[in-house]
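Working notes, beginning with the structure itself.
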Amino acid sequence: MSRVTLSHDEIARYSRHLIMPEVGMEGQRRLKQGSVLLIGTGGLGSPLALYLAAAGVGHIGLVDFDVVDASNLQRQIVHGTSTVGMAKTESARRRLQDLNPHIEVTIYETQITSANALELMQPYDVIVDGTDNFPTRYLTNDAAVLLGKPNVYGSIFRFEGQATVFAPQQGGPCYRCLYPEPPPPGLVPSCAEGGVLGVLPGVIGTIQATEAIKLLTGIGEPLIGRLLLYDALAMHFRELKLRRNPACPVCGEDPTVSELIDYVQFCGIAPEAPQIGAQYVITPTELAAWLERDDRPFLLDVRNPYEVAIANIPGTDKLIPVDQLPERIHELDSAREIVVYCRSGVRSGRAVELLVQVGFRKVKNLEGGVLRWSDEVDPSVAKY
Amino acid sequence: MAITISIPTALRQYAGGNAQVSLEADSVGALLRGLAELHPGLARQIFGDDGQLRSFVNLYVGDEDIRYLQGEATPLRDGEHVSIIPAIAGGSR
C-alpha cells in the first residue's frame, strides 16, 4: 500500500482514473509516488511528457540540451511558438507545470553521457528513451540494464514507428539482444535527413506513455518481449516476438559490458566532421564569386527531387540524388571543376568523398549547403 | 512457393521504391539469394562483406526472428510473410 495521499484537488483532477477499478485510489497513489526520466523532449518526449504529467506521475525528469526551433513545432507539441529559442527542458517544464501543478518536474539541461547517465537515472523508477541517435540509444539501454530499471523504447522514421519495453530484470530482452551493434554512420538516415510525419511521434510517444503508466501502476500486460511496429501510411499495427539473447554482452548470462563505454566510438562516429581535405571544400561566399566568373564551376545538386521544389541555388547544372551517384558517375566530367551541394553539406560531403575515391580531383563540397548559402549569400533562398 | 517480403521505409530506396517484393523460395537462404539477385543495392545494405546479415538488421518469418528458428535454413511455406526490420534511431529532434 502506497503511503502518499491525494488532496481533494487531486481527487477531483484524477476522478476519471479513480472511478476505474483497474487504477482506483491505489493506482493513482502509485502514479504519484512514481517517477519517470525522459531522455529527450523532442517528438517522442513531447506527448510522453504531456500525458505522464496529466496522469499525475509524481516526479518527471527531463534530459535535453537542445533549444526549441520553429521546425520542431510540426510535431513537438509540448513546446510552442512563444518558447522558440528557449531550452527545450525549460519550455517543457513550463507547459507541464501549467498542465499539472501537483507534480514535480526536474530538468537537466545537459547531454546524457557515459559520465552522467547512471547518476541521472538512479533516482527514477522508469526510464523512457525518446532520443534520436544510436549512441544515446545504446547508452540509455546499457545504463538502464546496469541499474535494473525498465526502459520504455520508441523510435520513428518517416511513416514508421517501433515501440517495446526492455526489462531484462523481468525476463525480457534488452536493446542489444535485438540489435547487438548499430549500423555504420550514414547508412540509415536520421529524421533531419529523412523527415518524419508530424503526428507519428504522437502515436509512438503515446504508446510509450501508456507503457510507463502501466509499469508504475502494475496493471495490464507490459509490452515486454514484443516489438510493436506501426505503419502510418498503411495504418497497420504488427507485433514481432523479441527474445532475450543468452549471449547478450549486457544482459546475457556472461555479460562483458559491466560499465558504460564510449558510445560515440562504439557507433563508429568520428569526432570530427567528414574526412575530406581542405582542397575539397568551398564556402558559400567563395562559390558565389566563382559563379560570377567565366571559369565558373559545374554546380551539382545531390538532394532529392522534392527538395528542389522547396529551395535551390540558382545556376544549378545537374541534379543527381546522392544514392544514385554510384551508378551515375559517368554523367559527370572529371576534367571540369565541380561544386557539390545539398541541404546542410553532409550528403554532398559523402558525394565528394565518393568522387575523390574514384579519381575526381577538381571537386569541392559546398560547406553548410543551402542553409549556409541562405545565411551568407542569398537570404531569398528558403531554409528548411 | 510465393513468399512476400516487407521492405522497411529506410531501405525502399534500394529496392526500387517497393514496400513489398514477392519471390519464389523454399527457405530463408534461397529467399535472400533471390532478393540479392533482384536488388543488388539492397543486398549491399543488409549483408556484410562476409555475406552474413548485418547485426543491425533482423529478419522475421511471421513474428519470429530467424535467429531463433533455423537461421537461413528456416523452411518457408507458400504464402509466408518475411519482414526485414532494421534498427532505426529517430525520435525527431
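Just remember, in the C-alpha cells the first chain shown is A, the second B, etc., residues are 1-based per chain, and ligands are 1-based in the order shown.
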Problem - chain B contacts on chain A, only C-alpha atoms, 9 Å, as number ranges by chain - result: A: 40-45, 66, 72, 75-76, 129-134, 137, 154-162, 178-183, 187-192, 194-196, 201, 238-243, 323
Quick one: write out the picked residues with C-alpha atoms as an mmCIF file, in the first residue's frame?
data_model
loop_
_atom_site.group_PDB
_atom_site.id
_atom_site.type_symbol
_atom_site.label_atom_id
_atom_site.label_comp_id
_atom_site.auth_asym_id
_atom_site.auth_seq_id
_atom_site.Cartn_x
_atom_site.Cartn_y
_atom_site.Cartn_z
ATOM 1 C CA GLY A 40 14.825 13.742 -24.942
ATOM 2 C CA THR A 41 11.978 16.246 -25.087
ATOM 3 C CA GLY A 42 11.523 16.185 -28.851
ATOM 4 C CA GLY A 43 8.962 14.393 -30.995
ATOM 5 C CA LEU A 44 8.533 11.364 -28.736
ATOM 6 C CA GLY A 45 9.237 13.224 -25.500
ATOM 7 C CA ASP A 66 18.672 21.414 -27.375
ATOM 8 C CA ASN A 72 10.258 21.437 -34.172
ATOM 9 C CA ARG A 75 5.479 17.584 -34.068
ATOM 10 C CA GLN A 76 6.977 18.622 -30.707
ATOM 11 C CA ASP A 129 14.039 6.538 -24.412
ATOM 12 C CA GLY A 130 12.886 9.317 -26.714
ATOM 13 C CA THR A 131 16.267 10.091 -28.237
ATOM 14 C CA ASP A 132 17.182 10.479 -31.865
ATOM 15 C CA ASN A 133 20.524 8.767 -32.361
ATOM 16 C CA PHE A 134 22.213 5.400 -31.943
ATOM 17 C CA ARG A 137 20.093 4.670 -27.502
ATOM 18 C CA GLY A 154 10.219 4.061 -29.071
ATOM 19 C CA SER A 155 11.702 5.107 -32.384
ATOM 20 C CA ILE A 156 10.398 6.570 -35.607
ATOM 21 C CA PHE A 157 11.336 7.078 -39.234
ATOM 22 C CA ARG A 158 9.191 8.924 -41.789
ATOM 23 C CA PHE A 159 5.910 6.979 -41.533
ATOM 24 C CA GLU A 160 7.053 4.038 -39.422
ATOM 25 C CA GLY A 161 7.481 3.527 -35.719
ATOM 26 C CA GLN A 162 8.674 0.858 -33.291
ATOM 27 C CA LEU A 178 17.600 -7.118 -30.533
ATOM 28 C CA TYR A 179 20.440 -5.304 -32.290
ATOM 29 C CA PRO A 180 23.905 -6.234 -30.970
ATOM 30 C CA GLU A 181 25.546 -3.453 -32.970
ATOM 31 C CA PRO A 182 24.467 -0.166 -34.544
ATOM 32 C CA PRO A 183 24.539 0.500 -38.282
ATOM 33 C CA LEU A 187 23.752 4.164 -43.719
ATOM 34 C CA VAL A 188 20.427 4.825 -42.028
ATOM 35 C CA PRO A 189 19.292 8.416 -42.498
ATOM 36 C CA SER A 190 18.267 10.491 -39.463
ATOM 37 C CA CYS A 191 14.946 12.325 -39.145
ATOM 38 C CA ALA A 192 16.714 15.553 -40.053
ATOM 39 C CA GLY A 194 14.770 11.629 -43.854
ATOM 40 C CA GLY A 195 11.862 13.661 -42.497
ATOM 41 C CA VAL A 196 9.029 12.465 -40.283
ATOM 42 C CA PRO A 201 5.819 10.575 -32.800
ATOM 43 C CA ARG A 238 2.043 -5.591 -36.157
ATOM 44 C CA GLU A 239 3.780 -7.375 -33.338
ATOM 45 C CA LEU A 240 7.005 -9.360 -33.501
ATOM 46 C CA LYS A 241 8.405 -11.636 -30.792
ATOM 47 C CA LEU A 242 11.564 -10.459 -29.082
ATOM 48 C CA ARG A 243 13.698 -12.931 -27.215
ATOM 49 C CA ASP A 323 22.075 7.485 -53.540
#
Problem - helix (DSSP H, G or I) per DSSP on the backbone: members of stretch 79-160 of chain A, as a PyMOL selection string - result: chain A and resi 81-83+88-99+117-121+134-147
Write the residues you've just listed into a file as a PDB file, in the first residue's frame, and include C-alpha atoms for each of them.
ATOM      1  CA  THR A  81       5.678  29.495 -30.677  1.00  0.00           C
ATOM      2  CA  SER A  82       6.237  31.552 -27.528  1.00  0.00           C
ATOM      3  CA  THR A  83       9.122  29.310 -26.415  1.00  0.00           C
ATOM      4  CA  LYS A  88      13.622  22.556 -24.517  1.00  0.00           C
ATOM      5  CA  THR A  89      13.784  21.402 -20.907  1.00  0.00           C
ATOM      6  CA  GLU A  90      12.616  24.797 -19.582  1.00  0.00           C
ATOM      7  CA  SER A  91       9.999  25.157 -22.333  1.00  0.00           C
ATOM      8  CA  ALA A  92       8.593  21.714 -21.460  1.00  0.00           C
ATOM      9  CA  ARG A  93       8.749  22.343 -17.708  1.00  0.00           C
ATOM     10  CA  ARG A  94       6.584  25.465 -18.047  1.00  0.00           C
ATOM     11  CA  ARG A  95       3.960  23.635 -20.071  1.00  0.00           C
ATOM     12  CA  LEU A  96       3.911  20.632 -17.721  1.00  0.00           C
ATOM     13  CA  GLN A  97       3.599  22.720 -14.571  1.00  0.00           C
ATOM     14  CA  ASP A  98       0.738  24.621 -16.201  1.00  0.00           C
ATOM     15  CA  LEU A  99      -0.939  21.328 -17.097  1.00  0.00           C
ATOM     16  CA  ALA A 117      23.940   8.574 -17.207  1.00  0.00           C
ATOM     17  CA  LEU A 118      23.906   6.377 -14.097  1.00  0.00           C
ATOM     18  CA  GLU A 119      23.620   9.376 -11.783  1.00  0.00           C
ATOM     19  CA  LEU A 120      20.803  10.894 -13.879  1.00  0.00           C
ATOM     20  CA  MET A 121      18.809   7.655 -13.974  1.00  0.00           C
ATOM     21  CA  PHE A 134      22.213   5.400 -31.943  1.00  0.00           C
ATOM     22  CA  PRO A 135      24.949   6.330 -29.429  1.00  0.00           C
ATOM     23  CA  THR A 136      22.355   7.673 -26.956  1.00  0.00           C
ATOM     24  CA  ARG A 137      20.093   4.670 -27.502  1.00  0.00           C
ATOM     25  CA  TYR A 138      22.876   2.185 -26.679  1.00  0.00           C
ATOM     26  CA  LEU A 139      23.954   4.331 -23.733  1.00  0.00           C
ATOM     27  CA  THR A 140      20.378   4.527 -22.392  1.00  0.00           C
ATOM     28  CA  ASN A 141      19.963   0.775 -22.806  1.00  0.00           C
ATOM     29  CA  ASP A 142      23.195  -0.194 -21.108  1.00  0.00           C
ATOM     30  CA  ALA A 143      22.730   2.218 -18.204  1.00  0.00           C
ATOM     31  CA  ALA A 144      19.130   1.039 -17.626  1.00  0.00           C
ATOM     32  CA  VAL A 145      20.258  -2.625 -17.691  1.00  0.00           C
ATOM     33  CA  LEU A 146      23.121  -1.933 -15.254  1.00  0.00           C
ATOM     34  CA  LEU A 147      20.703  -0.157 -12.891  1.00  0.00           C
TER      35      LEU A 147
END
Handout entry: Selection near B:Arg44, 12 Å with only C-alpha atoms, sequence-local residues under 2 positions removed, as a PyMOL selection string
Key = (chain A and resi 187) or (chain B and resi 11+14-15+32+35-37+39-42+46-54)
What would the file look like if the residues just selected were written as a PDB file, in the first residue's frame with C-alpha atoms?
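Contents of part.pdb, freshly written:
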ATOM      1  CA  LEU A 187      23.752   4.164 -43.719  1.00  0.00           C
TER       2      LEU A 187
ATOM      3  CA  LEU B  11      15.594   0.571 -47.293  1.00  0.00           C
ATOM      4  CA  TYR B  14      17.441   0.278 -52.570  1.00  0.00           C
ATOM      5  CA  ALA B  15      14.505  -1.887 -53.691  1.00  0.00           C
ATOM      6  CA  LEU B  32      17.803 -13.970 -49.567  1.00  0.00           C
ATOM      7  CA  LEU B  35      16.390 -10.929 -53.234  1.00  0.00           C
ATOM      8  CA  ALA B  36      20.097 -10.142 -53.680  1.00  0.00           C
ATOM      9  CA  GLU B  37      19.837 -11.030 -57.369  1.00  0.00           C
ATOM     10  CA  HIS B  39      18.040  -5.861 -55.852  1.00  0.00           C
ATOM     11  CA  PRO B  40      21.853  -5.906 -55.524  1.00  0.00           C
ATOM     12  CA  GLY B  41      21.800  -2.436 -53.892  1.00  0.00           C
ATOM     13  CA  LEU B  42      19.542  -3.726 -51.123  1.00  0.00           C
ATOM     14  CA  ILE B  46      21.686  -5.766 -45.375  1.00  0.00           C
ATOM     15  CA  PHE B  47      24.606  -8.172 -45.822  1.00  0.00           C
ATOM     16  CA  GLY B  48      28.140  -7.601 -44.570  1.00  0.00           C
ATOM     17  CA  ASP B  49      31.271  -8.400 -46.534  1.00  0.00           C
ATOM     18  CA  ASP B  50      31.132 -11.900 -45.037  1.00  0.00           C
ATOM     19  CA  GLY B  51      27.739 -12.478 -46.650  1.00  0.00           C
ATOM     20  CA  GLN B  52      26.000 -12.628 -43.248  1.00  0.00           C
ATOM     21  CA  LEU B  53      23.063 -10.452 -42.264  1.00  0.00           C
ATOM     22  CA  ARG B  54      24.421  -7.321 -40.617  1.00  0.00           C
TER      23      ARG B  54
END
Exercise for the section: Go ahead and compute the interatomic distance for atom CA of B:Pro75 and atom CA of B:Asp26, in Å to one decimal. Expected result: 5.8 Å
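Distances here use only C-alpha atoms; by that measure, the residue among A:Lys364, A:Ser114, A:Glu22, A:Val203 closest to A:Tyr51 is A:Val203.
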Exercise for the section: Run DSSP on the backbone of this structure and report the residues of chain B it assigns to strand (DSSP E), as a PyMOL selection string. Expected result: chain B and resi 2-6+20-24+57-61+64-65+81-86
Write to file, as a PDB file, in the first residue's frame, the residues of the selection just made, with N, CA and C atoms.
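As a result, out26.pdb now contains:
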ATOM      1  N   ALA B   2       5.298 -18.885 -53.368  1.00  0.00           N
ATOM      2  CA  ALA B   2       5.418 -17.427 -53.358  1.00  0.00           C
ATOM      3  C   ALA B   2       5.545 -16.902 -51.924  1.00  0.00           C
ATOM      4  N   ILE B   3       6.592 -16.133 -51.721  1.00  0.00           N
ATOM      5  CA  ILE B   3       6.848 -15.553 -50.409  1.00  0.00           C
ATOM      6  C   ILE B   3       6.839 -14.034 -50.552  1.00  0.00           C
ATOM      7  N   THR B   4       6.196 -13.352 -49.620  1.00  0.00           N
ATOM      8  CA  THR B   4       6.179 -11.892 -49.635  1.00  0.00           C
ATOM      9  C   THR B   4       7.189 -11.369 -48.623  1.00  0.00           C
ATOM     10  N   ILE B   5       8.008 -10.407 -49.065  1.00  0.00           N
ATOM     11  CA  ILE B   5       8.978  -9.788 -48.151  1.00  0.00           C
ATOM     12  C   ILE B   5       8.604  -8.323 -47.988  1.00  0.00           C
ATOM     13  N   SER B   6       8.485  -7.873 -46.750  1.00  0.00           N
ATOM     14  CA  SER B   6       8.241  -6.445 -46.484  1.00  0.00           C
ATOM     15  C   SER B   6       9.569  -5.714 -46.423  1.00  0.00           C
ATOM     16  N   GLN B  20       6.911  -3.962 -50.821  1.00  0.00           N
ATOM     17  CA  GLN B  20       6.879  -5.426 -50.739  1.00  0.00           C
ATOM     18  C   GLN B  20       7.472  -6.016 -52.006  1.00  0.00           C
ATOM     19  N   VAL B  21       8.097  -7.166 -51.851  1.00  0.00           N
ATOM     20  CA  VAL B  21       8.638  -7.882 -53.001  1.00  0.00           C
ATOM     21  C   VAL B  21       8.157  -9.327 -52.880  1.00  0.00           C
ATOM     22  N   SER B  22       7.715  -9.912 -53.973  1.00  0.00           N
ATOM     23  CA  SER B  22       7.295 -11.323 -53.942  1.00  0.00           C
ATOM     24  C   SER B  22       8.302 -12.181 -54.693  1.00  0.00           C
ATOM     25  N   LEU B  23       8.679 -13.287 -54.090  1.00  0.00           N
ATOM     26  CA  LEU B  23       9.682 -14.168 -54.684  1.00  0.00           C
ATOM     27  C   LEU B  23       9.294 -15.626 -54.459  1.00  0.00           C
ATOM     28  N   GLU B  24       9.819 -16.487 -55.309  1.00  0.00           N
ATOM     29  CA  GLU B  24       9.644 -17.931 -55.116  1.00  0.00           C
ATOM     30  C   GLU B  24      10.847 -18.435 -54.332  1.00  0.00           C
ATOM     31  N   VAL B  57      20.353  -5.545 -38.629  1.00  0.00           N
ATOM     32  CA  VAL B  57      19.207  -5.932 -39.458  1.00  0.00           C
ATOM     33  C   VAL B  57      18.698  -7.278 -38.957  1.00  0.00           C
ATOM     34  N   ASN B  58      17.417  -7.354 -38.647  1.00  0.00           N
ATOM     35  CA  ASN B  58      16.827  -8.630 -38.252  1.00  0.00           C
ATOM     36  C   ASN B  58      15.827  -9.069 -39.303  1.00  0.00           C
ATOM     37  N   LEU B  59      15.695 -10.384 -39.409  1.00  0.00           N
ATOM     38  CA  LEU B  59      14.785 -10.967 -40.391  1.00  0.00           C
ATOM     39  C   LEU B  59      13.770 -11.823 -39.641  1.00  0.00           C
ATOM     40  N   TYR B  60      12.504 -11.576 -39.934  1.00  0.00           N
ATOM     41  CA  TYR B  60      11.437 -12.311 -39.258  1.00  0.00           C
ATOM     42  C   TYR B  60      10.629 -13.115 -40.267  1.00  0.00           C
ATOM     43  N   VAL B  61      10.343 -14.360 -39.893  1.00  0.00           N
ATOM     44  CA  VAL B  61       9.380 -15.160 -40.649  1.00  0.00           C
ATOM     45  C   VAL B  61       8.125 -15.165 -39.789  1.00  0.00           C
ATOM     46  N   GLU B  64       8.469 -14.413 -35.896  1.00  0.00           N
ATOM     47  CA  GLU B  64       9.651 -14.998 -35.241  1.00  0.00           C
ATOM     48  C   GLU B  64      10.949 -14.578 -35.922  1.00  0.00           C
ATOM     49  N   ASP B  65      11.916 -14.198 -35.119  1.00  0.00           N
ATOM     50  CA  ASP B  65      13.257 -13.847 -35.570  1.00  0.00           C
ATOM     51  C   ASP B  65      13.950 -15.125 -36.080  1.00  0.00           C
ATOM     52  N   HIS B  81       5.058 -14.779 -44.782  1.00  0.00           N
ATOM     53  CA  HIS B  81       5.432 -13.367 -44.822  1.00  0.00           C
ATOM     54  C   HIS B  81       6.768 -13.175 -44.106  1.00  0.00           C
ATOM     55  N   VAL B  82       7.723 -12.579 -44.814  1.00  0.00           N
ATOM     56  CA  VAL B  82       9.051 -12.333 -44.239  1.00  0.00           C
ATOM     57  C   VAL B  82       9.249 -10.820 -44.127  1.00  0.00           C
ATOM     58  N   SER B  83       9.777 -10.359 -42.985  1.00  0.00           N
ATOM     59  CA  SER B  83       9.987  -8.918 -42.792  1.00  0.00           C
ATOM     60  C   SER B  83      11.442  -8.621 -42.494  1.00  0.00           C
ATOM     61  N   ILE B  84      11.937  -7.567 -43.112  1.00  0.00           N
ATOM     62  CA  ILE B  84      13.276  -7.053 -42.792  1.00  0.00           C
ATOM     63  C   ILE B  84      13.055  -5.911 -41.806  1.00  0.00           C
ATOM     64  N   ILE B  85      13.650  -6.013 -40.615  1.00  0.00           N
ATOM     65  CA  ILE B  85      13.445  -4.976 -39.594  1.00  0.00           C
ATOM     66  C   ILE B  85      14.804  -4.415 -39.185  1.00  0.00           C
ATOM     67  N   PRO B  86      15.198  -3.254 -39.742  1.00  0.00           N
ATOM     68  CA  PRO B  86      16.482  -2.666 -39.353  1.00  0.00           C
ATOM     69  C   PRO B  86      16.320  -1.805 -38.103  1.00  0.00           C
TER      70      PRO B  86
END
Problem - 7 Å contact set for A:Val370, only C-alpha atoms, chain neighbours under 5 positions out, as an NGL selection string - result: :A and (312 or 342-344)
Using only N, CA and C atoms, please write the residues we just selected to a file, as a JSON list (two decimals), in the first residue's frame.
[["chain", "number", "residue", "atom", "x", "y", "z"],
["A", 312, "ASN", "N", 16.47, 26.08, -53.99],
["A", 312, "ASN", "CA", 17.71, 25.64, -54.63],
["A", 312, "ASN", "C", 18.58, 26.83, -54.99],
["A", 342, "CYS", "N", 24.15, 20.11, -51.01],
["A", 342, "CYS", "CA", 22.89, 19.50, -50.57],
["A", 342, "CYS", "C", 22.28, 20.49, -49.58],
["A", 343, "ARG", "N", 21.45, 20.01, -48.65],
["A", 343, "ARG", "CA", 20.80, 20.95, -47.72],
["A", 343, "ARG", "C", 21.81, 21.52, -46.72],
["A", 344, "SER", "N", 22.59, 20.63, -46.07],
["A", 344, "SER", "CA", 23.44, 21.09, -44.98],
["A", 344, "SER", "C", 24.93, 20.82, -45.21]]
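We find atom CA of A:Thr217 and atom CA of A:Gly172 to be spaced 18.8 Å apart.
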Exercise for the section: Excluding A:Leu223 and residues on its chain fewer than 5 positions from it, collect all residues at most 8 Å away from it, counting only C-alpha atoms, and give them as a ChimeraX atom specification. Expected result: /A:164-165,211
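Counting from atom CA of A:Asp231, the distance to atom CA of B:Ala43 is 23.1 Å.
Closest approach to B:Ile66 among B:Gly17, B:Met1, B:Val28, B:Ile7 is made by B:Val28 (distances from only C-alpha atoms).
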Problem - Who sits within 10 Å of A:Tyr108, only C-alpha atoms, same chain under 4 positions skipped, as a list of chain:residue names - result: A:Ile39, A:Gly61, A:Leu62, A:Val63, A:Asp64, A:Phe65, A:Thr89, A:Glu90, A:Ile112, A:Leu120
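Using only C-alpha atoms, the smallest distance between any of A:Leu355, A:Val152, A:Met20, A:Leu73 and A:Gly205 comes from A:Val152.
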